[in-house]
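To keep things clear, I will list the structure first and then write my remarks on it.
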Amino acid sequence: MVVIDPAHGGTDPGARGVGGVRESDIVLDLATQVRRGLEAQGFQVLQTRTANENPSFDDRSSLANAQTGAIFVTLHISSTGIAGTVRVYTMSDMAPPQTSGGLIPWEQAQSAYLSLSRKLGDTIQGELSQKFKGSPSNVQTASIRQLRTTAAPAVAVEISNVTVSDKSEMDRMLSGVSEAIVRGVVAFRPSYVTPTVPGIPPGVKP
Amino acid sequence: MTPRWRLGIVIGLIVAVLAAAIYFPILKRRVKRQANVQQQSEEQARRELVQSLTKTTSEPLVKAKLFWALEADDSDLAPTTVDLPLSNDPALRSKQVLDTLLAGPVDSELRTLPPDAALLAFYILPDGTAIADFSEALATSIPSGVQSEQLAVDSITKTLEANVPKIRRLRILIHGQQVETLAGHLDLTGTFPVNSTVPMPASASQTTNPPKK
């Protein structure tokens, strides 16, 4: 199961370009392409939104947290950065989860999945750096609100940037980004061991 | 009522409606402009007050290290050494370096923080947690995106780290309030590590974002 999160939406358009390009619209297009690519590879895919609406951070995380063995990918377009490059982020280091009765606090949901998230991030970033010159070769870390409450291997993919004068320039990038994400998820999937005991991070033998 | 009176009333009403249709947008623009002027004056007054509080010209010049972008559109930071009259008081010293960081480098392309943002207040708690309260412009004027928001916070934490050793972690407030994100991406509900290689005192409070390993 893969949960795709087109960021922003509704009253929040995200980054805006000079030619009326809106991040919220582009990431929705990208999400559809990623979804089709993953479904063609046999994955079940859920989207946090399929229209111009803006679920809360927690609602988006909830969709992934309710699944067993989910992978979470949130999609963004920046308004800065070297145009034509793509960066993948995982959550910055977090304190080890303080489990209570086998449950991980919502606010620390990502902490048990950090190493898996970095593995997923490195795999996708590796694919992207081959396609988009100037992109980093390794995953970056940042304290991203959306990732913190997600209990799954989770990455943010951010394309630079929305300040294109012609939307078709951005559209051309989307198929390459979509293919790289699909290939990254496919390559990561065999190494993802889902938890069998509540509270024990995946990949760790109880 | 005679037809002439009726016609007069109808014409009068039409004239009144047309006048209102023309005048209403003008009035709306004037009200909006007035509100903007007032908001800008308040912000300007606040900035002047903050700047006057942090000026200590009697202090000796110190080589302060400030972190701006390495290149335009780059996500890396580079230190720039600037001679500043810095106070020995950690909170005041922090205000002084952050005000200089906000003022920006010579090359405006290398800015990491919006030019209209201001530091409203700065406190340091006994456990080394610093609280920086910025004006709303920090959140509203910063370019949207993980990269730009991360660069902004990194420039603040690295500048504090280089100049104020007492600080262990930083909490960022926007106009006195804790907000969920800086501009839709970066989490501001926790603290950011500063001077993370220095051992923390045992009483240090737990943070959402602990020091990087």
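Going by the structure tokens order, chains are called A, B, ..., each with residues numbered from 1, while ligands are numbered from 1 in the order shown.
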
Tell me which protein, DNA and RNA residues are within 10 Å of region 32-37 of chain A, counting only C-alpha atoms, leaving out same-chain ones fewer than 5 positions away, and put them as a PDB file with N, CA and C atoms, in the first residue's frame.
```pdb
ATOM      1  N   VAL A   2       0.587   2.156  -0.917  1.00  0.00           N
ATOM      2  CA  VAL A   2       1.314   3.435  -0.952  1.00  0.00           C
ATOM      3  C   VAL A   2       0.299   4.566  -0.816  1.00  0.00           C
ATOM      4  N   VAL A   3       0.582   5.495   0.105  1.00  0.00           N
ATOM      5  CA  VAL A   3      -0.281   6.669   0.260  1.00  0.00           C
ATOM      6  C   VAL A   3       0.441   7.863  -0.371  1.00  0.00           C
ATOM      7  N   ILE A   4      -0.198   8.436  -1.375  1.00  0.00           N
ATOM      8  CA  ILE A   4       0.369   9.597  -2.079  1.00  0.00           C
ATOM      9  C   ILE A   4      -0.339  10.852  -1.569  1.00  0.00           C
ATOM     10  N   PRO A   6      -0.706  14.722  -2.320  1.00  0.00           N
ATOM     11  CA  PRO A   6      -0.487  15.996  -3.019  1.00  0.00           C
ATOM     12  C   PRO A   6      -0.678  17.122  -1.996  1.00  0.00           C
ATOM     13  N   VAL A  27       0.856  19.377  -8.093  1.00  0.00           N
ATOM     14  CA  VAL A  27       1.104  18.150  -7.318  1.00  0.00           C
ATOM     15  C   VAL A  27      -0.071  17.168  -7.434  1.00  0.00           C
ATOM     16  N   GLY A  42       1.431  -3.121  -9.598  1.00  0.00           N
ATOM     17  CA  GLY A  42       0.716  -4.013  -8.681  1.00  0.00           C
ATOM     18  C   GLY A  42       0.510  -3.470  -7.278  1.00  0.00           C
ATOM     19  N   PHE A  43       0.825  -2.192  -7.050  1.00  0.00           N
ATOM     20  CA  PHE A  43       0.624  -1.604  -5.714  1.00  0.00           C
ATOM     21  C   PHE A  43      -0.815  -1.122  -5.557  1.00  0.00           C
ATOM     22  N   GLN A  44      -1.291  -1.190  -4.315  1.00  0.00           N
ATOM     23  CA  GLN A  44      -2.539  -0.514  -3.976  1.00  0.00           C
ATOM     24  C   GLN A  44      -2.167   0.913  -3.617  1.00  0.00           C
ATOM     25  N   VAL A  45      -2.921   1.871  -4.097  1.00  0.00           N
ATOM     26  CA  VAL A  45      -2.561   3.275  -3.865  1.00  0.00           C
ATOM     27  C   VAL A  45      -3.758   4.056  -3.323  1.00  0.00           C
ATOM     28  N   LEU A  46      -3.488   4.884  -2.320  1.00  0.00           N
ATOM     29  CA  LEU A  46      -4.497   5.815  -1.801  1.00  0.00           C
ATOM     30  C   LEU A  46      -3.951   7.226  -1.957  1.00  0.00           C
ATOM     31  N   GLN A  47      -4.846   8.180  -2.190  1.00  0.00           N
ATOM     32  CA  GLN A  47      -4.429   9.583  -2.247  1.00  0.00           C
ATOM     33  C   GLN A  47      -5.087  10.334  -1.096  1.00  0.00           C
ATOM     34  N   THR A  50      -8.054  14.043  -3.839  1.00  0.00           N
ATOM     35  CA  THR A  50      -8.161  13.828  -5.285  1.00  0.00           C
ATOM     36  C   THR A  50      -8.797  15.045  -5.959  1.00  0.00           C
ATOM     37  N   VAL A  73       4.292   9.111   0.600  1.00  0.00           N
ATOM     38  CA  VAL A  73       5.081  10.050  -0.224  1.00  0.00           C
ATOM     39  C   VAL A  73       4.285  11.350  -0.360  1.00  0.00           C
ATOM     40  N   LEU A 174       7.155  16.408 -14.848  1.00  0.00           N
ATOM     41  CA  LEU A 174       6.349  15.534 -13.994  1.00  0.00           C
ATOM     42  C   LEU A 174       6.476  14.051 -14.334  1.00  0.00           C
ATOM     43  N   SER A 175       6.525  13.718 -15.655  1.00  0.00           N
ATOM     44  CA  SER A 175       6.579  12.294 -15.993  1.00  0.00           C
ATOM     45  C   SER A 175       7.890  11.675 -15.513  1.00  0.00           C
ATOM     46  N   VAL A 177       9.711  12.718 -12.921  1.00  0.00           N
ATOM     47  CA  VAL A 177       9.656  12.625 -11.450  1.00  0.00           C
ATOM     48  C   VAL A 177       8.789  11.434 -11.052  1.00  0.00           C
ATOM     49  N   SER A 178       7.670  11.299 -11.738  1.00  0.00           N
ATOM     50  CA  SER A 178       6.747  10.200 -11.441  1.00  0.00           C
ATOM     51  C   SER A 178       7.433   8.842 -11.645  1.00  0.00           C
ATOM     52  N   GLU A 179       8.118   8.688 -12.762  1.00  0.00           N
ATOM     53  CA  GLU A 179       8.813   7.412 -13.045  1.00  0.00           C
ATOM     54  C   GLU A 179       9.861   7.116 -11.980  1.00  0.00           C
ATOM     55  N   ALA A 180      10.591   8.169 -11.561  1.00  0.00           N
ATOM     56  CA  ALA A 180      11.650   7.969 -10.554  1.00  0.00           C
ATOM     57  C   ALA A 180      11.047   7.533  -9.217  1.00  0.00           C
ATOM     58  N   ILE A 181       9.931   8.136  -8.839  1.00  0.00           N
ATOM     59  CA  ILE A 181       9.295   7.764  -7.567  1.00  0.00           C
ATOM     60  C   ILE A 181       8.831   6.306  -7.634  1.00  0.00           C
ATOM     61  N   VAL A 182       8.214   5.939  -8.751  1.00  0.00           N
ATOM     62  CA  VAL A 182       7.723   4.560  -8.906  1.00  0.00           C
ATOM     63  C   VAL A 182       8.891   3.583  -8.821  1.00  0.00           C
ATOM     64  N   ARG A 183       9.962   3.882  -9.538  1.00  0.00           N
ATOM     65  CA  ARG A 183      11.125   2.974  -9.519  1.00  0.00           C
ATOM     66  C   ARG A 183      11.725   2.881  -8.118  1.00  0.00           C
TER      67      ARG A 183
END
```

Check every residue of chain A for an atom within 7 Å of chain B, counting only C-alpha atoms, and provide those that qualify as a PyMOL selection string.
chain A and resi 14-15+77-82+93-95+142-145

Suppose you want the space between CA of Arg189 (chain A) and CA of Ser135 (chain A); what is it in Å?
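Interatomic distance, CA of Arg189 (chain A) to CA of Ser135 (chain A): 23.2 Å.
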
Do you know which residues are at most 9 Å from region 113-122 of chain A counting only C-alpha atoms, after dropping those on the same chain fewer than 4 positions away, and could you put them as a PDB file with C-alpha atoms, in the first residue's frame?
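Full text of out36.pdb as output:
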```
ATOM      1  CA  ILE A  71       4.616   3.815   2.376  1.00  0.00           C
ATOM      2  CA  VAL A  88      13.836  14.202  -1.386  1.00  0.00           C
ATOM      3  CA  TYR A  89      13.512  14.874   2.347  1.00  0.00           C
ATOM      4  CA  THR A  90      12.999  12.720   5.399  1.00  0.00           C
ATOM      5  CA  MET A  91      12.253  13.878   8.921  1.00  0.00           C
ATOM      6  CA  SER A  92      15.196  15.171  10.986  1.00  0.00           C
ATOM      7  CA  ASP A  93      16.393  13.065  13.890  1.00  0.00           C
ATOM      8  CA  MET A  94      13.767  12.575  16.570  1.00  0.00           C
ATOM      9  CA  ALA A 109       4.808   8.585  15.031  1.00  0.00           C
ATOM     10  CA  GLY A 126      19.172   8.130  -6.466  1.00  0.00           C
ATOM     11  CA  GLU A 127      16.647   7.660  -9.274  1.00  0.00           C
ATOM     12  CA  SER A 137      22.539  12.249  -4.790  1.00  0.00           C
ATOM     13  CA  ASN A 138      21.437  11.595  -1.208  1.00  0.00           C
ATOM     14  CA  VAL A 139      18.268  12.250   0.730  1.00  0.00           C
ATOM     15  CA  GLN A 140      18.120  15.483   2.790  1.00  0.00           C
ATOM     16  CA  THR A 141      16.653  15.881   6.265  1.00  0.00           C
ATOM     17  CA  THR A 150       3.209   9.618   9.899  1.00  0.00           C
ATOM     18  CA  ALA A 151       3.787   6.060  11.154  1.00  0.00           C
ATOM     19  CA  ALA A 152       5.279   4.642   7.952  1.00  0.00           C
ATOM     20  CA  PRO A 153       8.405   5.011   5.832  1.00  0.00           C
ATOM     21  CA  ALA A 154       7.721   8.590   4.706  1.00  0.00           C
ATOM     22  CA  VAL A 155       9.414  11.035   2.358  1.00  0.00           C
ATOM     23  CA  ALA A 156       8.720  14.467   0.910  1.00  0.00           C
ATOM     24  CA  VAL A 157       9.605  15.012  -2.754  1.00  0.00           C
ATOM     25  CA  GLY A 184      12.311   4.033  -6.074  1.00  0.00           C
ATOM     26  CA  VAL A 185       9.274   2.536  -4.335  1.00  0.00           C
ATOM     27  CA  ALA A 187      13.285  -0.979  -5.393  1.00  0.00           C
ATOM     28  CA  PHE A 188      12.578  -0.206  -1.730  1.00  0.00           C
ATOM     29  CA  ARG A 189       9.634  -2.601  -1.303  1.00  0.00           C
ATOM     30  CA  SER A 191      13.562  -4.299   2.154  1.00  0.00           C
ATOM     31  CA  TYR A 192      10.415  -3.115   3.959  1.00  0.00           C
ATOM     32  CA  PRO A 201       9.565  -0.725  14.637  1.00  0.00           C
ATOM     33  CA  PRO A 202       9.516  -2.584  11.335  1.00  0.00           C
ATOM     34  CA  GLY A 203      12.731  -4.329  10.483  1.00  0.00           C
TER      35      GLY A 203
END
```

Can you pull out the residues contacting Lys166 (chain B)? Cut-off 10 Å, using only C-alpha atoms, and skip same-chain residues under 3 positions away; I want them as a list in words.
Pro90, Ala91, Ile124, Pro126, Asp127, Gly128, Thr129, Ala130, Leu160, Glu161, Asn163, Arg169, Val194, Asn195 and Val198 of chain B

Identify, with DSSP run on backbone atoms, the residues in chain A assigned to strand (DSSP E), and express the list as a ChimeraX atom specification.
/A:2-6,45-47,71-77,85-91,140-142,154-160

Check the DSSP output for the backbone and give back, as a compact mmCIF listing (two decimals) with N, CA and C atoms, in the first residue's frame, the residues of chain B in alpha helix (DSSP H).
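Done, and the output landed in part.txt:
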```
# COMPACT_ATOMS: atom_id res chain seq x y z
N PRO B 3 -47.04 62.32 -13.45
CA PRO B 3 -45.99 61.57 -14.17
C PRO B 3 -44.64 62.29 -14.12
N ARG B 4 -44.65 63.61 -14.10
CA ARG B 4 -43.38 64.34 -14.07
C ARG B 4 -42.62 64.08 -12.76
N TRP B 5 -43.39 64.06 -11.65
CA TRP B 5 -42.77 63.77 -10.33
C TRP B 5 -42.19 62.36 -10.30
N ARG B 6 -43.02 61.45 -10.85
CA ARG B 6 -42.58 60.04 -10.84
C ARG B 6 -41.26 59.89 -11.62
N LEU B 7 -41.21 60.54 -12.78
CA LEU B 7 -40.00 60.49 -13.60
C LEU B 7 -38.80 61.07 -12.85
N GLY B 8 -39.09 62.18 -12.16
CA GLY B 8 -38.02 62.82 -11.38
C GLY B 8 -37.48 61.89 -10.32
N ILE B 9 -38.40 61.18 -9.63
CA ILE B 9 -37.96 60.28 -8.56
C ILE B 9 -37.13 59.14 -9.14
N VAL B 10 -37.61 58.57 -10.27
CA VAL B 10 -36.89 57.46 -10.90
C VAL B 10 -35.48 57.89 -11.32
N ILE B 11 -35.40 59.08 -11.96
CA ILE B 11 -34.08 59.58 -12.39
C ILE B 11 -33.18 59.79 -11.18
N GLY B 12 -33.77 60.35 -10.12
CA GLY B 12 -33.01 60.58 -8.89
C GLY B 12 -32.45 59.28 -8.33
N LEU B 13 -33.29 58.24 -8.32
CA LEU B 13 -32.85 56.94 -7.80
C LEU B 13 -31.71 56.37 -8.64
N ILE B 14 -31.89 56.47 -9.98
CA ILE B 14 -30.84 55.94 -10.88
C ILE B 14 -29.52 56.65 -10.63
N VAL B 15 -29.58 57.98 -10.50
CA VAL B 15 -28.36 58.77 -10.26
C VAL B 15 -27.72 58.33 -8.93
N ALA B 16 -28.56 58.11 -7.91
CA ALA B 16 -28.03 57.71 -6.59
C ALA B 16 -27.34 56.35 -6.67
N VAL B 17 -27.97 55.40 -7.42
CA VAL B 17 -27.38 54.06 -7.55
C VAL B 17 -26.04 54.13 -8.29
N LEU B 18 -26.03 54.93 -9.40
CA LEU B 18 -24.78 55.06 -10.17
C LEU B 18 -23.68 55.68 -9.32
N ALA B 19 -24.05 56.71 -8.57
CA ALA B 19 -23.05 57.38 -7.71
C ALA B 19 -22.50 56.41 -6.68
N ALA B 20 -23.40 55.61 -6.11
CA ALA B 20 -22.96 54.63 -5.10
C ALA B 20 -22.03 53.59 -5.73
N ALA B 21 -22.40 53.14 -6.96
CA ALA B 21 -21.60 52.12 -7.65
C ALA B 21 -20.19 52.64 -7.94
N ILE B 22 -20.10 53.94 -8.26
CA ILE B 22 -18.78 54.51 -8.56
C ILE B 22 -18.00 54.77 -7.27
N TYR B 23 -18.70 55.30 -6.25
CA TYR B 23 -18.00 55.72 -5.05
C TYR B 23 -17.60 54.55 -4.15
N PHE B 24 -18.40 53.48 -4.15
CA PHE B 24 -18.14 52.37 -3.21
C PHE B 24 -16.76 51.74 -3.41
N PRO B 25 -16.35 51.38 -4.66
CA PRO B 25 -14.99 50.82 -4.81
C PRO B 25 -13.90 51.79 -4.37
N ILE B 26 -14.13 53.11 -4.63
CA ILE B 26 -13.12 54.10 -4.22
C ILE B 26 -12.99 54.10 -2.70
N LEU B 27 -14.14 54.07 -2.05
CA LEU B 27 -14.16 54.08 -0.58
C LEU B 27 -13.47 52.82 -0.04
N LYS B 28 -13.75 51.68 -0.69
CA LYS B 28 -13.17 50.40 -0.26
C LYS B 28 -11.64 50.46 -0.35
N ARG B 29 -11.16 51.02 -1.50
CA ARG B 29 -9.71 51.13 -1.70
C ARG B 29 -9.07 52.02 -0.64
N ARG B 30 -9.78 53.13 -0.33
CA ARG B 30 -9.23 54.08 0.66
C ARG B 30 -9.12 53.42 2.03
N VAL B 31 -10.17 52.66 2.39
CA VAL B 31 -10.17 51.99 3.71
C VAL B 31 -9.03 50.98 3.77
N LYS B 32 -8.87 50.21 2.66
CA LYS B 32 -7.83 49.20 2.61
C LYS B 32 -6.43 49.84 2.72
N ARG B 33 -6.26 50.96 1.96
CA ARG B 33 -4.97 51.65 1.97
C ARG B 33 -4.66 52.18 3.38
N GLN B 34 -5.71 52.73 4.01
CA GLN B 34 -5.55 53.27 5.35
C GLN B 34 -5.12 52.16 6.33
N ALA B 35 -5.77 50.97 6.17
CA ALA B 35 -5.44 49.84 7.05
C ALA B 35 -4.00 49.41 6.84
N ASN B 36 -3.55 49.39 5.58
CA ASN B 36 -2.18 49.00 5.27
C ASN B 36 -1.18 49.96 5.87
N VAL B 37 -1.50 51.28 5.71
CA VAL B 37 -0.60 52.32 6.23
C VAL B 37 -0.45 52.16 7.75
N GLN B 38 -1.61 51.89 8.40
CA GLN B 38 -1.60 51.75 9.86
C GLN B 38 -0.75 50.54 10.27
N GLN B 39 -0.96 49.42 9.53
CA GLN B 39 -0.23 48.18 9.84
C GLN B 39 1.27 48.40 9.66
N GLN B 40 1.63 49.09 8.53
CA GLN B 40 3.05 49.33 8.26
C GLN B 40 3.66 50.23 9.33
N SER B 41 2.88 51.24 9.77
CA SER B 41 3.40 52.16 10.79
C SER B 41 3.65 51.41 12.09
N GLU B 42 2.71 50.51 12.45
CA GLU B 42 2.87 49.73 13.68
C GLU B 42 4.12 48.87 13.59
N GLU B 43 4.27 48.21 12.42
CA GLU B 43 5.42 47.33 12.22
C GLU B 43 6.72 48.13 12.27
N GLN B 44 6.70 49.32 11.62
CA GLN B 44 7.88 50.18 11.60
C GLN B 44 8.24 50.62 13.02
N ALA B 45 7.21 51.03 13.78
CA ALA B 45 7.44 51.49 15.15
C ALA B 45 8.04 50.37 15.99
N ARG B 46 7.52 49.15 15.76
CA ARG B 46 8.00 47.99 16.52
C ARG B 46 9.48 47.72 16.19
N ARG B 47 9.76 47.80 14.89
CA ARG B 47 11.14 47.53 14.44
C ARG B 47 12.09 48.57 15.02
N GLU B 48 11.66 49.86 15.01
CA GLU B 48 12.53 50.91 15.53
C GLU B 48 12.78 50.72 17.02
N LEU B 49 11.72 50.32 17.72
CA LEU B 49 11.84 50.09 19.16
C LEU B 49 12.82 48.95 19.43
N VAL B 50 12.65 47.87 18.67
CA VAL B 50 13.50 46.70 18.85
C VAL B 50 14.95 47.05 18.54
N GLN B 51 15.15 47.82 17.44
CA GLN B 51 16.51 48.16 17.04
C GLN B 51 17.18 49.07 18.07
N SER B 52 16.40 50.03 18.61
CA SER B 52 16.99 50.94 19.58
C SER B 52 17.39 50.20 20.84
N LEU B 53 16.64 49.16 21.19
CA LEU B 53 16.95 48.38 22.39
C LEU B 53 18.24 47.59 22.23
N THR B 54 18.53 47.18 20.98
CA THR B 54 19.68 46.31 20.79
C THR B 54 20.96 47.08 20.46
N PRO B 90 23.93 37.30 26.83
CA PRO B 90 23.58 36.39 25.73
C PRO B 90 22.29 36.76 24.98
N ALA B 91 21.26 37.22 25.71
CA ALA B 91 19.99 37.54 25.04
C ALA B 91 20.15 38.77 24.14
N LEU B 92 20.83 39.78 24.68
CA LEU B 92 21.03 41.00 23.90
C LEU B 92 21.94 40.72 22.70
N ARG B 93 22.97 39.91 22.95
CA ARG B 93 23.91 39.54 21.88
C ARG B 93 23.16 38.80 20.76
N SER B 94 22.24 37.91 21.18
CA SER B 94 21.45 37.17 20.19
C SER B 94 20.62 38.11 19.34
N LYS B 95 19.99 39.09 20.01
CA LYS B 95 19.18 40.08 19.27
C LYS B 95 20.04 40.83 18.27
N GLN B 96 21.24 41.19 18.72
CA GLN B 96 22.12 41.97 17.84
C GLN B 96 22.52 41.18 16.59
N VAL B 97 22.89 39.91 16.79
CA VAL B 97 23.32 39.15 15.61
C VAL B 97 22.12 38.83 14.70
N LEU B 98 20.96 38.55 15.32
CA LEU B 98 19.78 38.24 14.48
C LEU B 98 19.27 39.47 13.74
N ASP B 99 19.35 40.64 14.38
CA ASP B 99 18.96 41.87 13.67
C ASP B 99 19.86 42.10 12.45
N THR B 100 21.16 41.80 12.63
CA THR B 100 22.09 41.96 11.50
C THR B 100 21.80 40.93 10.42
N LEU B 101 21.47 39.71 10.87
CA LEU B 101 21.12 38.65 9.90
C LEU B 101 19.88 39.07 9.10
N LEU B 102 18.88 39.63 9.80
CA LEU B 102 17.65 40.08 9.14
C LEU B 102 17.92 41.24 8.19
N ALA B 103 18.86 42.11 8.56
CA ALA B 103 19.18 43.25 7.69
C ALA B 103 19.70 42.76 6.34
N ALA B 137 5.73 38.74 9.23
CA ALA B 137 6.35 38.74 7.89
C ALA B 137 7.29 37.57 7.69
N LEU B 138 7.86 37.05 8.78
CA LEU B 138 8.76 35.89 8.62
C LEU B 138 7.99 34.73 7.99
N ALA B 139 6.73 34.56 8.42
CA ALA B 139 5.93 33.45 7.89
C ALA B 139 5.25 33.80 6.58
N THR B 140 4.81 35.05 6.45
CA THR B 140 4.01 35.39 5.27
C THR B 140 4.86 35.78 4.05
N VAL B 146 9.99 23.55 1.36
CA VAL B 146 10.82 22.95 2.40
C VAL B 146 12.21 23.59 2.36
N GLN B 147 12.76 23.70 1.14
CA GLN B 147 14.13 24.18 0.99
C GLN B 147 14.32 25.60 1.56
N SER B 148 13.42 26.51 1.20
CA SER B 148 13.59 27.90 1.64
C SER B 148 13.31 28.05 3.13
N GLU B 149 12.34 27.28 3.64
CA GLU B 149 12.03 27.38 5.06
C GLU B 149 13.18 26.78 5.90
N GLN B 150 13.73 25.67 5.40
CA GLN B 150 14.85 25.04 6.11
C GLN B 150 16.07 25.97 6.11
N LEU B 151 16.31 26.62 4.96
CA LEU B 151 17.45 27.54 4.85
C LEU B 151 17.30 28.70 5.85
N ALA B 152 16.08 29.20 5.97
CA ALA B 152 15.83 30.32 6.89
C ALA B 152 16.13 29.90 8.33
N VAL B 153 15.61 28.75 8.74
CA VAL B 153 15.82 28.31 10.12
C VAL B 153 17.29 27.96 10.35
N ASP B 154 17.91 27.31 9.38
CA ASP B 154 19.33 26.95 9.53
C ASP B 154 20.19 28.20 9.68
N SER B 155 19.86 29.26 8.92
CA SER B 155 20.68 30.48 9.02
C SER B 155 20.55 31.09 10.41
N ILE B 156 19.37 30.98 11.00
CA ILE B 156 19.16 31.52 12.36
C ILE B 156 19.92 30.66 13.39
N THR B 157 19.74 29.33 13.32
CA THR B 157 20.36 28.47 14.33
C THR B 157 21.89 28.49 14.21
N LYS B 158 22.40 28.48 12.98
CA LYS B 158 23.86 28.48 12.82
C LYS B 158 24.47 29.81 13.28
N THR B 159 23.77 30.91 13.02
CA THR B 159 24.26 32.22 13.46
C THR B 159 24.29 32.30 14.98
N LEU B 160 23.24 31.78 15.61
CA LEU B 160 23.22 31.77 17.09
C LEU B 160 24.33 30.85 17.62
N GLU B 161 24.47 29.71 16.98
CA GLU B 161 25.47 28.73 17.41
C GLU B 161 26.88 29.34 17.37
N ALA B 162 27.14 30.12 16.33
CA ALA B 162 28.49 30.68 16.15
C ALA B 162 28.78 31.84 17.10
N ASN B 163 27.73 32.48 17.62
CA ASN B 163 27.97 33.70 18.39
C ASN B 163 27.49 33.67 19.84
```
